[in-house]
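input-v4.txt, holding compact mmCIF, C-alpha atoms:
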# COMPACT_ATOMS: atom_id res chain seq x y z
CA MET A 297 99.70 -14.54 -8.17
CA THR A 298 96.74 -15.32 -5.96
CA SER A 299 93.16 -14.79 -7.06
CA GLY A 300 90.62 -12.89 -4.92
CA VAL A 301 88.87 -16.14 -4.11
CA GLU A 302 92.08 -17.76 -2.87
CA GLU A 303 92.86 -14.68 -0.80
CA ARG A 304 89.44 -14.77 0.82
CA ASP A 305 89.79 -18.50 1.49
CA GLY A 306 93.22 -17.91 3.03
CA ARG A 307 91.90 -15.17 5.29
CA ARG A 308 88.99 -17.32 6.35
CA ARG A 309 91.28 -20.24 7.12
CA ARG A 310 93.68 -18.06 9.10
CA GLY A 311 90.68 -16.58 10.91
CA ALA A 312 89.42 -20.04 11.88
CA VAL A 313 92.87 -21.09 13.10
CA ALA A 314 93.24 -17.91 15.18
CA ARG A 315 89.76 -18.35 16.63
CA ARG A 316 90.51 -21.94 17.59
CA ALA A 317 93.81 -20.93 19.21
CA ALA A 318 92.05 -18.16 21.14
CA LEU A 319 89.40 -20.61 22.38
CA ALA A 320 92.08 -23.11 23.44
CA SER A 321 93.65 -20.39 25.60
CA ALA A 322 90.23 -19.37 26.88
CA VAL A 323 89.39 -22.93 27.95
CA ASP A 324 92.72 -23.29 29.80
CA LEU A 325 92.33 -19.92 31.50
CA GLY A 326 88.71 -20.70 32.42
CA SER A 327 89.60 -24.05 33.97
CA ARG A 328 92.43 -22.57 36.05
CA GLU A 329 91.03 -19.19 37.11
CA GLY A 330 87.33 -19.40 36.34
CA LEU A 331 85.25 -18.17 33.43
CA GLU A 332 85.11 -14.69 34.93
CA ALA A 333 88.83 -14.42 34.10
CA VAL A 334 88.08 -15.16 30.44
CA THR A 335 87.94 -11.63 29.07
CA ILE A 336 89.05 -10.19 25.75
CA GLY A 337 91.78 -8.24 27.58
CA ARG A 338 93.21 -11.30 29.38
CA LEU A 339 93.06 -13.35 26.21
CA ALA A 340 94.95 -10.68 24.27
CA GLY A 341 97.69 -10.99 26.90
CA ALA A 342 97.73 -14.80 26.68
CA THR A 343 97.72 -15.06 22.87
CA SER A 344 99.34 -13.11 20.07
CA MET A 345 95.98 -11.65 19.04
CA SER A 346 95.05 -8.00 19.50
CA LYS A 347 92.07 -6.89 21.55
CA SER A 348 90.42 -5.52 18.41
CA GLY A 349 91.05 -8.80 16.57
CA LEU A 350 89.52 -10.79 19.46
CA PHE A 351 86.62 -8.37 19.62
CA ALA A 352 86.02 -8.90 15.88
CA HIS A 353 85.89 -12.66 16.52
CA PHE A 354 83.75 -12.76 19.65
CA GLY A 355 81.91 -9.46 19.91
CA SER A 356 81.56 -9.43 23.71
CA LYS A 357 82.91 -10.98 26.88
CA GLU A 358 79.69 -12.96 27.31
CA GLN A 359 79.85 -14.33 23.78
CA LEU A 360 83.48 -15.29 24.37
CA GLN A 361 82.49 -17.10 27.60
CA LEU A 362 79.64 -18.93 25.82
CA GLU A 363 81.96 -20.05 23.01
CA THR A 364 84.52 -21.13 25.61
CA ILE A 365 81.89 -23.37 27.22
CA ALA A 366 80.91 -24.77 23.80
CA ARG A 367 84.57 -25.56 23.04
CA ALA A 368 85.02 -27.19 26.46
CA ARG A 369 81.99 -29.39 25.73
CA GLU A 370 83.58 -30.49 22.44
CA ILE A 371 86.80 -31.39 24.27
CA PHE A 372 84.86 -33.33 26.93
CA THR A 373 83.04 -35.24 24.19
CA GLU A 374 86.32 -36.08 22.42
CA GLU A 375 88.12 -37.06 25.64
CA VAL A 376 85.35 -38.88 27.50
CA VAL A 377 82.17 -39.65 25.58
CA SER A 378 83.80 -40.76 22.33
CA ARG A 379 86.01 -43.24 24.21
CA VAL A 380 83.05 -45.36 25.17
CA ALA A 381 83.17 -48.84 23.67
CA GLY A 382 82.01 -52.30 24.66
CA ASP A 383 79.64 -55.08 23.70
CA SER A 384 77.21 -54.74 26.58
CA GLY A 385 75.57 -51.75 28.26
CA ARG A 386 77.47 -52.64 31.40
CA GLN A 387 80.82 -52.60 29.59
CA ARG A 388 79.98 -49.28 27.95
CA LEU A 389 79.07 -47.72 31.32
CA GLU A 390 82.33 -49.00 32.81
CA ALA A 391 84.23 -47.55 29.84
CA LEU A 392 82.50 -44.19 30.32
CA LEU A 393 83.37 -44.05 34.03
CA GLU A 394 86.97 -45.01 33.33
CA ALA A 395 87.28 -42.39 30.57
CA TRP A 396 85.83 -39.81 33.00
CA MET A 397 88.36 -40.70 35.70
CA SER A 398 91.18 -40.67 33.19
CA TYR A 399 90.09 -37.21 31.98
CA MET A 400 90.40 -35.92 35.56
CA GLU A 401 93.62 -37.80 36.27
CA ARG A 402 95.34 -36.63 33.08
CA GLU A 403 94.06 -33.10 33.70
CA VAL A 404 92.80 -32.60 30.19
CA PHE A 405 91.91 -29.13 31.48
CA PRO A 406 94.83 -27.80 33.54
CA GLY A 407 92.56 -26.67 36.41
CA GLY A 408 90.65 -29.97 36.57
CA CYS A 409 87.14 -30.50 35.30
CA PHE A 410 86.14 -27.35 33.42
CA PHE A 411 82.44 -27.81 34.14
CA MET A 412 82.67 -28.37 37.88
CA ALA A 413 84.74 -25.22 38.23
CA ALA A 414 82.26 -23.31 36.07
CA SER A 415 79.28 -24.70 38.01
CA ALA A 416 80.58 -23.55 41.35
CA GLU A 417 81.46 -20.15 39.91
CA TRP A 418 78.20 -19.44 38.08
CA ASP A 419 75.46 -21.24 40.00
CA ALA A 420 74.39 -18.05 41.78
CA ARG A 421 74.59 -15.72 38.75
CA PRO A 422 71.49 -15.89 36.55
CA GLY A 423 72.02 -15.34 32.83
CA PRO A 424 73.11 -17.03 29.60
CA VAL A 425 76.48 -18.24 30.98
CA ARG A 426 74.83 -19.96 33.94
CA ASP A 427 72.23 -21.46 31.57
CA ALA A 428 74.97 -22.83 29.30
CA VAL A 429 76.80 -24.40 32.26
CA ALA A 430 73.58 -25.93 33.61
CA ALA A 431 72.70 -27.25 30.12
CA ALA A 432 76.12 -28.93 29.88
CA MET A 433 75.66 -30.61 33.26
CA THR A 434 72.08 -31.65 32.50
CA ALA A 435 73.29 -33.22 29.23
CA TRP A 436 75.98 -35.11 31.17
CA LEU A 437 73.51 -36.40 33.77
CA GLY A 438 71.14 -37.38 30.93
CA LEU A 439 73.88 -39.35 29.17
CA LEU A 440 74.78 -41.06 32.43
CA GLU A 441 71.12 -41.93 33.03
CA ARG A 442 70.71 -43.49 29.56
CA MET A 443 73.87 -45.52 30.00
CA VAL A 444 72.90 -46.64 33.51
CA GLY A 445 69.55 -47.70 32.05
CA ASP A 446 71.30 -49.74 29.33
CA ALA A 447 73.67 -51.33 31.84
CA ALA A 448 70.80 -53.11 33.65
CA LEU A 449 72.59 -53.07 37.02
CA PRO A 450 71.27 -55.64 39.49
CA GLY A 451 69.58 -54.67 42.71
CA TRP A 452 68.88 -50.97 42.14
CA ARG A 453 65.37 -49.60 42.35
CA SER A 454 66.09 -46.35 40.53
CA ALA A 455 68.46 -45.34 37.73
CA GLU A 456 68.25 -41.76 39.01
CA GLN A 457 69.73 -42.84 42.35
CA VAL A 458 72.58 -44.65 40.60
CA VAL A 459 73.27 -41.57 38.46
CA PHE A 460 73.36 -39.37 41.55
CA GLU A 461 75.81 -41.68 43.31
CA LEU A 462 78.11 -42.22 40.31
CA ASN A 463 78.19 -38.50 39.59
CA ALA A 464 78.91 -37.77 43.26
CA VAL A 465 81.99 -39.98 43.16
CA GLY A 466 83.33 -38.21 40.08
CA ILE A 467 82.68 -34.73 41.46
CA ALA A 468 84.39 -35.60 44.73
CA ALA A 469 87.40 -37.14 42.97
CA ASN A 470 87.94 -33.97 40.95
CA TRP A 471 87.36 -31.76 43.98
CA GLU A 472 89.74 -33.64 46.28
CA HIS A 473 92.38 -34.01 43.60
CA GLN A 474 92.35 -30.33 42.70
CA LEU A 475 92.23 -29.00 46.26
CA LEU A 476 94.31 -31.50 48.18
CA ARG A 477 96.49 -32.81 45.30
CA ASP A 478 96.01 -36.36 46.53
CA GLU A 479 96.36 -38.92 43.73
CA ARG A 480 94.97 -41.77 45.86
CA VAL A 481 91.56 -40.26 45.38
CA PHE A 482 91.25 -41.95 41.98
CA GLU A 483 91.72 -45.35 43.54
CA LYS A 484 88.98 -44.55 46.07
CA ALA A 485 86.73 -43.34 43.26
CA ARG A 486 87.25 -46.56 41.27
CA THR A 487 86.49 -48.62 44.39
CA ALA A 488 83.29 -46.61 44.89
CA PHE A 489 82.23 -47.07 41.25
CA ALA A 490 82.76 -50.82 41.50
CA ARG A 491 80.65 -50.94 44.66
CA ILE A 492 77.83 -48.99 43.02
CA LEU A 493 77.95 -51.19 39.91
CA GLU A 494 77.73 -54.29 42.09
CA GLY A 495 74.20 -53.09 42.61
CA ARG A 496 73.73 -53.31 46.34
CA SER A 497 71.00 -50.73 46.75
CA MET B 180 79.62 12.18 82.08
CA THR B 181 81.55 9.27 80.65
CA SER B 182 85.04 8.48 81.71
CA GLY B 183 87.88 7.91 79.23
CA VAL B 184 87.85 4.21 80.03
CA GLU B 185 84.13 3.92 79.27
CA GLU B 186 84.63 5.83 76.04
CA ARG B 187 87.39 3.49 74.97
CA ASP B 188 85.29 0.44 75.90
CA GLY B 189 82.37 1.85 73.91
CA ARG B 190 84.54 2.43 70.85
CA ARG B 191 85.99 -1.06 71.13
CA ARG B 192 82.53 -2.58 71.43
CA ARG B 193 81.19 -0.60 68.44
CA GLY B 194 84.31 -1.60 66.52
CA ALA B 195 83.73 -5.30 67.25
CA VAL B 196 80.05 -5.02 66.23
CA ALA B 197 80.97 -3.26 62.96
CA ARG B 198 83.68 -5.82 62.22
CA ARG B 199 81.25 -8.67 62.80
CA ALA B 200 78.62 -7.06 60.54
CA ALA B 201 81.24 -6.54 57.83
CA LEU B 202 82.29 -10.20 58.05
CA ALA B 203 78.66 -11.33 57.88
CA SER B 204 78.30 -9.42 54.59
CA ALA B 205 81.64 -10.76 53.39
CA VAL B 206 80.59 -14.36 54.05
CA ASP B 207 77.30 -13.88 52.16
CA LEU B 208 79.02 -12.18 49.25
CA GLY B 209 81.72 -14.85 49.16
CA SER B 210 79.21 -17.69 49.09
CA ARG B 211 77.21 -16.11 46.28
CA GLU B 212 79.87 -14.60 44.05
CA GLY B 213 83.11 -16.16 45.25
CA LEU B 214 85.84 -14.94 47.55
CA GLU B 215 87.40 -12.94 44.74
CA ALA B 216 84.37 -10.64 44.97
CA VAL B 217 85.08 -10.01 48.66
CA THR B 218 87.00 -6.76 48.39
CA ILE B 219 87.06 -3.72 50.61
CA GLY B 220 85.36 -1.72 47.85
CA ARG B 221 82.49 -4.20 47.36
CA LEU B 222 82.03 -4.51 51.10
CA ALA B 223 81.82 -0.73 51.50
CA GLY B 224 78.97 -0.80 48.96
CA ALA B 225 77.20 -3.66 50.79
CA THR B 226 77.51 -2.24 54.32
CA SER B 227 77.29 1.22 55.83
CA MET B 228 81.03 1.23 56.50
CA SER B 229 83.49 3.42 54.64
CA LYS B 230 86.41 2.04 52.65
CA SER B 231 88.83 3.66 55.08
CA GLY B 232 86.96 2.19 58.07
CA LEU B 233 87.07 -1.27 56.49
CA PHE B 234 90.72 -0.83 55.63
CA ALA B 235 91.43 0.07 59.28
CA HIS B 236 89.69 -3.17 60.33
CA PHE B 237 91.19 -5.56 57.80
CA GLY B 238 94.32 -3.98 56.36
CA SER B 239 94.21 -5.73 52.98
CA LYS B 240 91.96 -7.65 50.64
CA GLU B 241 93.82 -10.87 51.45
CA GLN B 242 93.45 -10.35 55.20
CA LEU B 243 89.74 -9.67 54.66
CA GLN B 244 89.42 -12.90 52.65
CA LEU B 245 91.25 -14.89 55.34
CA GLU B 246 89.00 -13.48 58.08
CA THR B 247 85.97 -14.24 55.93
CA ILE B 248 87.07 -17.88 55.73
CA ALA B 249 87.65 -17.97 59.51
CA ARG B 250 84.15 -16.56 60.12
CA ALA B 251 82.62 -19.06 57.69
CA ARG B 252 84.33 -21.87 59.63
CA GLU B 253 82.79 -20.58 62.87
CA ILE B 254 79.35 -20.56 61.25
CA PHE B 255 79.86 -24.10 59.91
CA THR B 256 80.86 -25.25 63.39
CA GLU B 257 77.79 -23.63 64.95
CA GLU B 258 75.39 -24.92 62.31
CA VAL B 259 76.76 -28.42 61.71
CA VAL B 260 79.43 -29.68 64.11
CA SER B 261 77.84 -28.41 67.32
CA ARG B 262 74.53 -30.10 66.44
CA VAL B 263 76.04 -33.53 66.82
CA ALA B 264 74.47 -35.53 69.64
CA GLY B 265 73.78 -39.17 70.35
CA ASP B 266 74.69 -42.02 72.67
CA SER B 267 76.67 -44.09 70.19
CA GLY B 268 79.30 -43.27 67.63
CA ARG B 269 76.89 -44.42 64.95
CA GLN B 270 74.16 -42.05 66.19
CA ARG B 271 76.63 -39.17 66.33
CA LEU B 272 77.75 -39.83 62.76
CA GLU B 273 74.14 -39.94 61.60
CA ALA B 274 73.48 -36.66 63.43
CA LEU B 275 76.49 -35.06 61.76
CA LEU B 276 75.38 -36.13 58.28
CA GLU B 277 71.85 -34.92 58.92
CA ALA B 278 73.10 -31.55 60.22
CA TRP B 279 75.31 -31.27 57.13
CA MET B 280 72.38 -31.93 54.79
CA SER B 281 70.19 -29.52 56.71
CA TYR B 282 72.88 -26.82 56.44
CA MET B 283 72.80 -27.21 52.65
CA GLU B 284 69.04 -27.48 52.44
CA ARG B 285 68.41 -24.41 54.61
CA GLU B 286 71.12 -22.53 52.70
CA VAL B 287 72.85 -21.22 55.79
CA PHE B 288 75.10 -19.50 53.23
CA PRO B 289 72.93 -18.00 50.48
CA GLY B 290 75.10 -19.39 47.68
CA GLY B 291 75.25 -22.91 49.17
CA CYS B 292 78.22 -24.40 50.95
CA PHE B 293 80.79 -21.63 51.39
CA PHE B 294 83.74 -24.03 51.35
CA MET B 295 82.87 -25.94 48.22
CA ALA B 296 82.48 -22.69 46.31
CA ALA B 297 85.77 -21.43 47.72
CA SER B 298 87.53 -24.73 46.91
CA ALA B 299 86.55 -24.65 43.27
CA GLU B 300 87.51 -20.99 43.02
CA TRP B 301 90.92 -21.19 44.72
CA ASP B 302 92.25 -24.67 44.07
CA ALA B 303 94.48 -23.45 41.23
CA ARG B 304 95.74 -20.25 42.92
CA PRO B 305 98.62 -20.88 45.33
CA GLY B 306 98.84 -18.64 48.38
CA PRO B 307 97.44 -18.06 51.87
CA VAL B 308 93.77 -18.03 50.77
CA ARG B 309 94.09 -21.39 49.04
CA ASP B 310 95.94 -22.75 52.10
CA ALA B 311 93.14 -21.57 54.41
CA VAL B 312 90.48 -23.19 52.23
CA ALA B 313 92.45 -26.45 52.02
CA ALA B 314 92.99 -26.39 55.81
CA ALA B 315 89.24 -26.01 56.37
CA MET B 316 88.48 -28.96 54.11
CA THR B 317 91.23 -31.10 55.64
CA ALA B 318 89.79 -30.37 59.09
CA TRP B 319 86.35 -31.42 57.86
CA LEU B 320 87.63 -34.67 56.36
CA GLY B 321 89.57 -35.32 59.58
CA LEU B 322 86.44 -34.83 61.70
CA LEU B 323 84.49 -37.13 59.41
CA GLU B 324 87.24 -39.76 59.65
CA ARG B 325 87.26 -39.68 63.48
CA MET B 326 83.48 -39.97 63.57
CA VAL B 327 83.43 -42.79 61.02
CA GLY B 328 86.04 -44.56 63.17
CA ASP B 329 83.85 -44.15 66.27
CA ALA B 330 80.77 -45.35 64.42
CA ALA B 331 82.25 -48.82 63.87
CA LEU B 332 80.33 -49.41 60.64
CA PRO B 333 80.03 -53.06 59.67
CA GLY B 334 81.60 -54.48 56.54
CA TRP B 335 84.00 -51.70 55.56
CA ARG B 336 87.70 -52.36 55.17
CA SER B 337 88.77 -48.72 55.34
CA ALA B 338 87.47 -45.64 57.16
CA GLU B 339 89.18 -43.51 54.53
CA GLN B 340 87.01 -45.07 51.81
CA VAL B 341 83.85 -44.41 53.83
CA VAL B 342 84.91 -40.80 54.36
CA PHE B 343 85.53 -40.36 50.64
CA GLU B 344 82.10 -41.76 49.78
CA LEU B 345 80.17 -39.83 52.44
CA ASN B 346 81.90 -36.60 51.50
CA ALA B 347 81.20 -37.27 47.81
CA VAL B 348 77.47 -37.52 48.50
CA GLY B 349 77.45 -34.19 50.35
CA ILE B 350 79.49 -32.39 47.70
CA ALA B 351 77.22 -33.67 44.95
CA ALA B 352 74.05 -32.71 46.85
CA ASN B 353 75.28 -29.15 47.25
CA TRP B 354 76.48 -28.98 43.65
CA GLU B 355 73.26 -30.32 42.13
CA HIS B 356 71.06 -28.22 44.40
CA GLN B 357 72.91 -25.01 43.64
CA LEU B 358 73.24 -25.54 39.90
CA LEU B 359 70.03 -27.34 39.00
CA ARG B 360 67.84 -26.12 41.89
CA ASP B 361 66.46 -29.62 42.36
CA GLU B 362 65.27 -30.28 45.94
CA ARG B 363 64.95 -34.03 45.38
CA VAL B 364 68.69 -34.24 45.55
CA PHE B 365 68.57 -34.25 49.35
CA GLU B 366 66.37 -37.34 49.36
CA LYS B 367 68.88 -39.05 47.06
CA ALA B 368 71.73 -37.95 49.31
CA ARG B 369 70.01 -39.37 52.41
CA THR B 370 69.37 -42.65 50.58
CA ALA B 371 73.05 -42.79 49.62
CA PHE B 372 74.18 -42.07 53.22
CA ALA B 373 71.95 -44.86 54.53
CA ARG B 374 73.38 -47.28 51.98
CA ILE B 375 76.96 -46.37 52.93
CA LEU B 376 76.17 -46.70 56.65
CA GLU B 377 74.70 -50.15 56.04
CA GLY B 378 78.30 -51.05 55.42
CA ARG B 379 78.20 -53.08 52.26
CA SER B 380 81.69 -52.50 51.06

Produce structure tokens that represent the structure in this file.
Amino acid sequence: MTSGVEERDGRRRRGAVARRAALASAVDLGSREGLEAVTIGRLAGATSMSKSGLFAHFGSKEQLQLETIARAREIFTEEVVSRVAGDSGRQRLEALLEAWMSYMEREVFPGGCFFMAASAEWDARPGPVRDAVAAAMTAWLGLLERMVGDAALPGWRSAEQVVFELNAVGIAANWEHQLLRDERVFEKARTAFARILEGRS
Amino acid sequence: MTSGVEERDGRRRRGAVARRAALASAVDLGSREGLEAVTIGRLAGATSMSKSGLFAHFGSKEQLQLETIARAREIFTEEVVSRVAGDSGRQRLEALLEAWMSYMEREVFPGGCFFMAASAEWDARPGPVRDAVAAAMTAWLGLLERMVGDAALPGWRSAEQVVFELNAVGIAANWEHQLLRDERVFEKARTAFARILEGRS
């Protein structure tokens, strides 16, 4: 016999598991087809959850899209940011760049970098989804800037310029890999990173 | 009194003008909201043409999307490629890069670079639209590679690496400008181009 408390706990746990599974599908769908494809109807088709169940969890398409972005940020943090290690600022920056390349190469998101796809899709559509995508990218550029600052690269006048150039290499690697399916792009990206870190400004 | 021939010529001319106007709207819509938004229904709302008139011109949504890409390529050629001038290969490459930046800065397409938006949107959807987008980008990278070859930049082992790095800078400038609306990005992009052209590989 189960008590009322245990029943409620069980429901809550099952609810959290279902929600997490729904968001995992949403993140995959969003990275392959764009966040616009992440709707309660599409998600009902991709998971075993009913539309009404998904609606109870997320309330609206926009809320579902915002939670999808939040979940994608968690995955990016787990797969890239938390892999940073090293004794010096320089080593930690190198570890970050390598984790970022590996995240693209391994296709942690099946459609490539979730955030670059979302940026291109939403940059011209004002509203909370665009704001959430821009906030994610601003946070990434901020992290990169702090780590470039700590790395004390020789020969550069401005950390902001280094951040722009490093980020450019990563964006282009993802773009070329996804569109042209050319694996050599990661070698070119690593060569470019090394050149930037050499500090010839 | 107009002859039958003149009437037919007039109809043909009006047809060509209407088709061109429809494609101009399609290109704008595609650059702002993505090619998926370029449908005969949306275009009927954005122009004074009827759905049946548009259908007679384009036949299908996919054909409309393919013609939109072809028109966007023509505009890119007019606005970027045809502005290349200079006595030396190096000057012509510099002119190309400057025309490319200016095309992004002036927002020739209201949603930023048409092709980068289309790449991110279609890279995971096999079919003729994806193929047309990939062909456009391959042509661009090929042009860049020929011009880098002609420029005889000092100190680089591989033209392909230079092309990757130059293209990365342009992609990132468009991306950061569209998402974060930061105009300083073009100054950073020009600084990065100059550094790459200096040829410190």

Which neighbours of region 414-428 of chain A fall inside 10 Å, counting all atoms listed in the file, when residues of the same chain fewer than 6 positions from it are skipped, and could you give them as an NGL selection string? (:A and (326-327 or 329-332 or 358-359 or 361-363 or 365-366 or 434)) or (:B and (210-213 or 289-292 or 295-300 or 353-360))

To one decimal in Å, tell me the separation between CA of Ser344 (chain A) and CA of Arg316 (chain A). 12.7 Å

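Closest to Phe411 (chain A) among A:Leu389, A:Met443, A:Ala368, A:Ala464 is A:Ala368, based on only C-alpha atoms.
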
Could you state the separation of CA of Met283 (chain B) and CA of Met433 (chain A) in Å, given to one decimal place? 19.9 Å

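Nearest to Ala278 (chain B) of all the residues B:Gly238, B:Arg369, B:Ile219, B:Asp266 is B:Arg369, based on all atoms listed in the file.
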
Nearest to chain A: which of B:Ala216, B:Glu273, B:Gly183, B:Glu284 is it, counting all atoms listed in the file? B:Ala216

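Nearest residue to Phe410 (chain A), choosing from A:Thr487, A:Thr364, A:Ser454, A:Ser378 and counting only C-alpha atoms: A:Thr364.
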
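Counting from CA of Phe365 (chain B), the distance to CA of Val259 (chain B) is 15.9 Å.
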
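Shortest atom-to-atom contact with chain B among A:Thr343, A:Gly306, A:Glu370, A:Asp324: A:Asp324, counting all atoms listed in the file.
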
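Taking all atoms listed in the file into account, chain B lies nearest to A:Ala430 out of the set A:Ala447, A:Ala430, A:Ala455, A:Leu325.
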
Once you add 3 Å to each side, what are the centre and edge lengths of the axis-aligned box holding all listed atoms of region 323-331 of chain B? One decimal in Å, as lines of an AutoDock Vina configuration file, if you can.
center_x = 84.0
center_y = -43.0
center_z = 62.8
size_x = 12.5
size_y = 17.7
size_z = 12.9

Compile the contact shell of Ala223 (chain B) as number ranges by chain: residues with an atom at most 10 Å away, counting only C-alpha atoms, same-chain residues fewer than 5 positions apart removed. B: 201, 204, 218, 228-234
